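Peer 1: Mind having a look at this structure? Questions to follow.
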Amino acid sequence: MNKSDLRRYVLDNAVSYKGKANLKAVVGHLIGKFPNLKKDMKKFMKELNKLVDEINSLSFEEQKEKLEKLGKVEKIKKESGLFDFLKIKKGDKVITAFPPEPSKYLHIGHAKSILLNYLLAKEYKGKFYLRFEDTNPELVDKEFYDIILEDIKWLGVNPDKVQYASDYMDLFYELGEKLIKKGEAYVCFCDSDKIKENRRKKLECGCRGNNDWKKFLKAKEKSCVIRLNGDMKHKNAVMRDPTLFRIINKMHPRAGKKYRVWPTYEFQNSVMDGYFKIRYRLRSKEFEAMSELQKYLQKLLGFKVTKTYELARFNMEGVLSSGRVIREKIKGKELIGWDDPRLTTLVALRKRGFLPEAIKDFVVSTGISKSESTMTWDDLIIRNKRLIDGVANRYFFISNPKKIKIVGFSEKNISVPLHPDHEGRGVRKLKVLDEFYVADKLAKGKNYRFMHLFNFKDGEFISEGLDKSLEAKLIHWLPVSKDLVKVKVLMDDGKFVNGVAESGVKKLKVGDLVQFERFGFCRLDKKGKELEFIFTHR
Ligand SMILES: [Zn+2]
């Protein structure tokens, strides 16, 4: 990328952030778009930092004027080749969708589906829809509409449309009635055990031919369902007269008590994809068996068939992913909640300080393949670290502090840069007297070096600064002072570490990322009497 493109990006970001370019956002965006930049992050960050400072010192008007001259950012684009295998012709209308059920937290596996479908749409200048598949009032939970929307926006995905399947009940009814009239579906009065048994034994029940839709809509029987007139001998069990509608008499968060007959996931999904011309869908492998039914229903209803492509799930080594197990562990207080730092839900990753661009980079790297892959935390961490290393300012933090006294030197004021590679960001000033906090247990007769300060042994000063002739263990310190801030860090094992940090952290805002030197990256999560951070990674 050349210099004027980079300038254009920063200006564009500054203009959209009311005159102040957001370094974190610019880095993330550029790395996502130009992965080559990662080869020399240090140089790139240096250049970028300078540019951000320069552009932020301009007035908003000047920024707008300069951006106008250079031209808007959309002109820089990347051909990824990621979707070549779909053999989409130029000019084909590409509409994709991500259809979550508002009943659970999204995790990193969903992020893969969301991002791939979104990137596919963007690459072909198509559209991407977010569709809430909320036609099972027994599972739908009101709060998840907002949580999911927030997660998706955080990932940097802006859906062209947000849809709610429960808004299309008239459409489902109309098409259901059509199938019944055509003899393609029937009202089945068997109970669910009987239906299951028949499917297993590949037997038809005596209900085929029952075709009174109106009567079904008013039916009292809880076990009365509409089934597809399929093929009970089909080798794919999904095709053995699947249920299309069932009666669920429950309050729905959007529709209230208006409906008691609801389409099943299979019917709803096929109709919505067909009706809204979703041409391509990349989705996880567990839907493979369902694809045959979806195609069958779409043809039956006169829709163009959605081309689906099933991806392997990827697993994160040692991370719980089963919603049921997670729920139990939260109940049993083994996990803090869905945002527990041990989980890979998007809420947890966001709170920990992972950037959406790192997640994007990570999930795309797992590839579009049908074979399962196991990834580790390190695969994700390495990508995040690249992005935040140059962004996060450094501070001193001492966990489980122990007080020590050192004699033999005169008190002084020292300055330490907020970031060693970016002097323009300024310094932190510390007043050093003779008392210090350290995290380490100090051994007798051993030399120690206080980072940026001096060397000592057994509480006595030896020499200043980086004395190369002396072998000394580098340790971390803080001057004892009433300005220090009490800090609590929620670690990646779910336990808290308590300590003190230098006073500069008081100025941080919730959401800021810092690097506590020799401890790790942390994100400020709560500000109160003490500051509460969440450990991002080392
Ligand atoms: Zn039956």
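Going by the structure tokens order, chains are called A, B, ..., each with residues numbered from 1, while ligands are numbered from 1 in the order shown.
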Distance limit 9 Å, reference ligand 1, atoms considered: only C-alpha atoms and all ligand atoms. Which residues make the cut? Give them as a list in words.

Peer 2: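 Those residues are Tyr186, Val187, Cys188, Phe189, Cys190, Asp191, Lys194, Ile195, Glu204, Cys205, Gly206, Cys207, Arg208, Cys224, Val225 and Arg227 of chain A.
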
Peer 1: Fewer than 3 positions away in the same chain doesn't count, so skip those; otherwise give me all residues within 10 Å of Phe287 in chain A, counting only C-alpha atoms, as number ranges by chain.

Peer 2: A: 283-284, 290-292, 308-311

Peer 1: Please provide the set of residues having any atom within 8 Å of Val416 in chain A, restricted to only C-alpha atoms, with same-chain residues fewer than 3 positions apart removed, written as a list in words.

Peer 2: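 Selected residues are Val427, Arg428, Lys429 and His452 of chain A.
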
Peer 1: Find the spatial neighbours of Asp273 in chain A, counting only C-alpha atoms, within a cut-off of 10 Å - ignore same-chain residues fewer than 2 positions away - and output them as a PyMOL selection string.

Peer 2: chain A and resi 95-97+99+131+268-271+275-281+294+298+303-306

Peer 1: Based on the selection just made, write N, CA and C atoms of those residues as a short mmCIF file (atom, residue, chain, number, x, y, z; two decimals), in the first residue's frame.

Peer 2:
```
data_model
loop_
_atom_site.label_atom_id
_atom_site.label_comp_id
_atom_site.auth_asym_id
_atom_site.auth_seq_id
_atom_site.Cartn_x
_atom_site.Cartn_y
_atom_site.Cartn_z
N ILE A 95 -26.95 -12.71 -2.91
CA ILE A 95 -27.54 -12.33 -1.62
C ILE A 95 -27.24 -13.47 -0.66
N THR A 96 -26.66 -13.11 0.47
CA THR A 96 -26.35 -14.14 1.47
C THR A 96 -27.04 -13.77 2.78
N ALA A 97 -27.05 -14.72 3.71
CA ALA A 97 -27.72 -14.45 4.98
C ALA A 97 -27.05 -15.20 6.11
N PRO A 99 -28.62 -16.67 9.62
CA PRO A 99 -29.90 -16.78 10.31
C PRO A 99 -29.82 -17.38 11.71
N ARG A 131 -31.07 -12.60 9.57
CA ARG A 131 -32.45 -13.05 9.76
C ARG A 131 -32.60 -13.77 11.09
N GLN A 268 -39.54 -22.97 7.62
CA GLN A 268 -39.29 -21.53 7.70
C GLN A 268 -38.02 -21.14 6.95
N ASN A 269 -36.96 -21.88 7.20
CA ASN A 269 -35.66 -21.58 6.61
C ASN A 269 -35.69 -21.73 5.08
N SER A 270 -36.36 -22.79 4.61
CA SER A 270 -36.45 -23.01 3.16
C SER A 270 -37.24 -21.89 2.49
N VAL A 271 -38.34 -21.50 3.14
CA VAL A 271 -39.18 -20.45 2.58
C VAL A 271 -38.45 -19.11 2.58
N TYR A 275 -37.79 -17.24 -0.76
CA TYR A 275 -38.58 -16.02 -1.00
C TYR A 275 -37.68 -14.79 -1.14
N PHE A 276 -36.63 -14.74 -0.32
CA PHE A 276 -35.74 -13.57 -0.36
C PHE A 276 -34.52 -13.77 -1.25
N LYS A 277 -34.60 -14.80 -2.09
CA LYS A 277 -33.57 -15.02 -3.12
C LYS A 277 -32.16 -15.12 -2.55
N ILE A 278 -32.05 -15.84 -1.44
CA ILE A 278 -30.71 -16.10 -0.91
C ILE A 278 -30.08 -17.14 -1.83
N ARG A 279 -29.13 -16.71 -2.63
CA ARG A 279 -28.56 -17.59 -3.65
C ARG A 279 -27.49 -18.52 -3.10
N TYR A 280 -26.74 -18.03 -2.14
CA TYR A 280 -25.61 -18.82 -1.62
C TYR A 280 -25.64 -18.80 -0.11
N ARG A 281 -25.29 -19.95 0.45
CA ARG A 281 -25.21 -20.02 1.91
C ARG A 281 -24.03 -20.89 2.29
N GLN A 294 -34.33 -28.91 2.11
CA GLN A 294 -34.48 -27.50 1.73
C GLN A 294 -34.64 -27.36 0.22
N GLN A 298 -37.98 -26.02 -1.68
CA GLN A 298 -37.89 -24.83 -2.52
C GLN A 298 -38.39 -25.10 -3.93
N PHE A 303 -39.58 -21.86 -5.85
CA PHE A 303 -38.48 -20.92 -5.64
C PHE A 303 -37.23 -21.40 -6.37
N LYS A 304 -36.33 -20.46 -6.63
CA LYS A 304 -35.00 -20.84 -7.11
C LYS A 304 -34.26 -21.47 -5.93
N VAL A 305 -33.51 -22.50 -6.19
CA VAL A 305 -32.88 -23.25 -5.10
C VAL A 305 -31.63 -22.51 -4.58
N THR A 306 -31.50 -22.50 -3.25
CA THR A 306 -30.32 -21.90 -2.62
C THR A 306 -29.14 -22.86 -2.74
#
```

Peer 1: Mind checking DSSP for range 359-440 of chain A and telling me the strand (DSSP E or B) residues as a PDB file with C-alpha atoms, in the first residue's frame?

Peer 2:
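result.pdb, freshly written:
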```
ATOM      1  CA  SER A 373      -9.590 -28.598  12.195  1.00  0.00           C
ATOM      2  CA  THR A 374      -8.602 -27.991  15.773  1.00  0.00           C
ATOM      3  CA  MET A 375      -7.280 -24.562  16.597  1.00  0.00           C
ATOM      4  CA  ASN A 393       0.058   1.869  26.204  1.00  0.00           C
ATOM      5  CA  ARG A 394       2.280   0.425  28.897  1.00  0.00           C
ATOM      6  CA  TYR A 395       1.841   0.739  32.623  1.00  0.00           C
ATOM      7  CA  PHE A 397       1.116  -3.138  37.688  1.00  0.00           C
ATOM      8  CA  ILE A 398       2.225  -5.200  40.662  1.00  0.00           C
ATOM      9  CA  SER A 399       0.172  -8.246  41.552  1.00  0.00           C
ATOM     10  CA  LYS A 402       5.020  -6.822  48.835  1.00  0.00           C
ATOM     11  CA  LYS A 403       6.589  -3.705  50.315  1.00  0.00           C
ATOM     12  CA  ILE A 404      10.393  -3.361  50.405  1.00  0.00           C
ATOM     13  CA  LYS A 405      12.798  -0.593  51.406  1.00  0.00           C
ATOM     14  CA  VAL A 407      18.670   2.526  50.913  1.00  0.00           C
ATOM     15  CA  LYS A 412      14.196  11.373  42.182  1.00  0.00           C
ATOM     16  CA  ASN A 413      11.520  11.781  39.532  1.00  0.00           C
ATOM     17  CA  ILE A 414      11.676   9.548  36.534  1.00  0.00           C
ATOM     18  CA  SER A 415       9.832   9.483  33.217  1.00  0.00           C
ATOM     19  CA  VAL A 416       8.944   6.341  31.343  1.00  0.00           C
ATOM     20  CA  PRO A 417       7.405   6.419  27.839  1.00  0.00           C
ATOM     21  CA  VAL A 427       5.499   9.771  29.261  1.00  0.00           C
ATOM     22  CA  ARG A 428       4.372   8.663  32.697  1.00  0.00           C
ATOM     23  CA  LYS A 429       6.096  10.386  35.600  1.00  0.00           C
ATOM     24  CA  LEU A 430       6.894   8.514  38.787  1.00  0.00           C
ATOM     25  CA  LYS A 431       8.277   9.971  42.019  1.00  0.00           C
ATOM     26  CA  VAL A 432      10.720   7.544  43.552  1.00  0.00           C
ATOM     27  CA  GLU A 435       9.896   2.327  49.477  1.00  0.00           C
ATOM     28  CA  PHE A 436       8.746   0.043  46.687  1.00  0.00           C
ATOM     29  CA  TYR A 437       6.174  -2.575  45.837  1.00  0.00           C
ATOM     30  CA  VAL A 438       7.354  -5.739  44.144  1.00  0.00           C
TER      31      VAL A 438
END
```

Peer 1: Go through A:Phe450, A:Trp154, A:Phe519, A:Trp213 and flag the residue nearest Ile180 in chain A, using only C-alpha atoms for the distances.

Peer 2: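 Using only C-alpha atoms, Ile180 in chain A sits closest to A:Trp213.
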
Peer 1: Could you tell me how far CA of Val27 in chain A lies from CA of Val15 in chain A, in Å and to one decimal?

Peer 2: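 That distance, rounded to one decimal, is 16.0 Å.
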
Peer 1: Looking only at the backbone, which of the residues in range 41-217 of chain A does DSSP tag as helix (DSSP H, G or I), as a VMD selection string?

Peer 2: chain A and resid 41 to 56 60 to 70 73 to 75 84 to 86 108 to 123 143 to 154 165 to 181 192 to 201 213 to 217
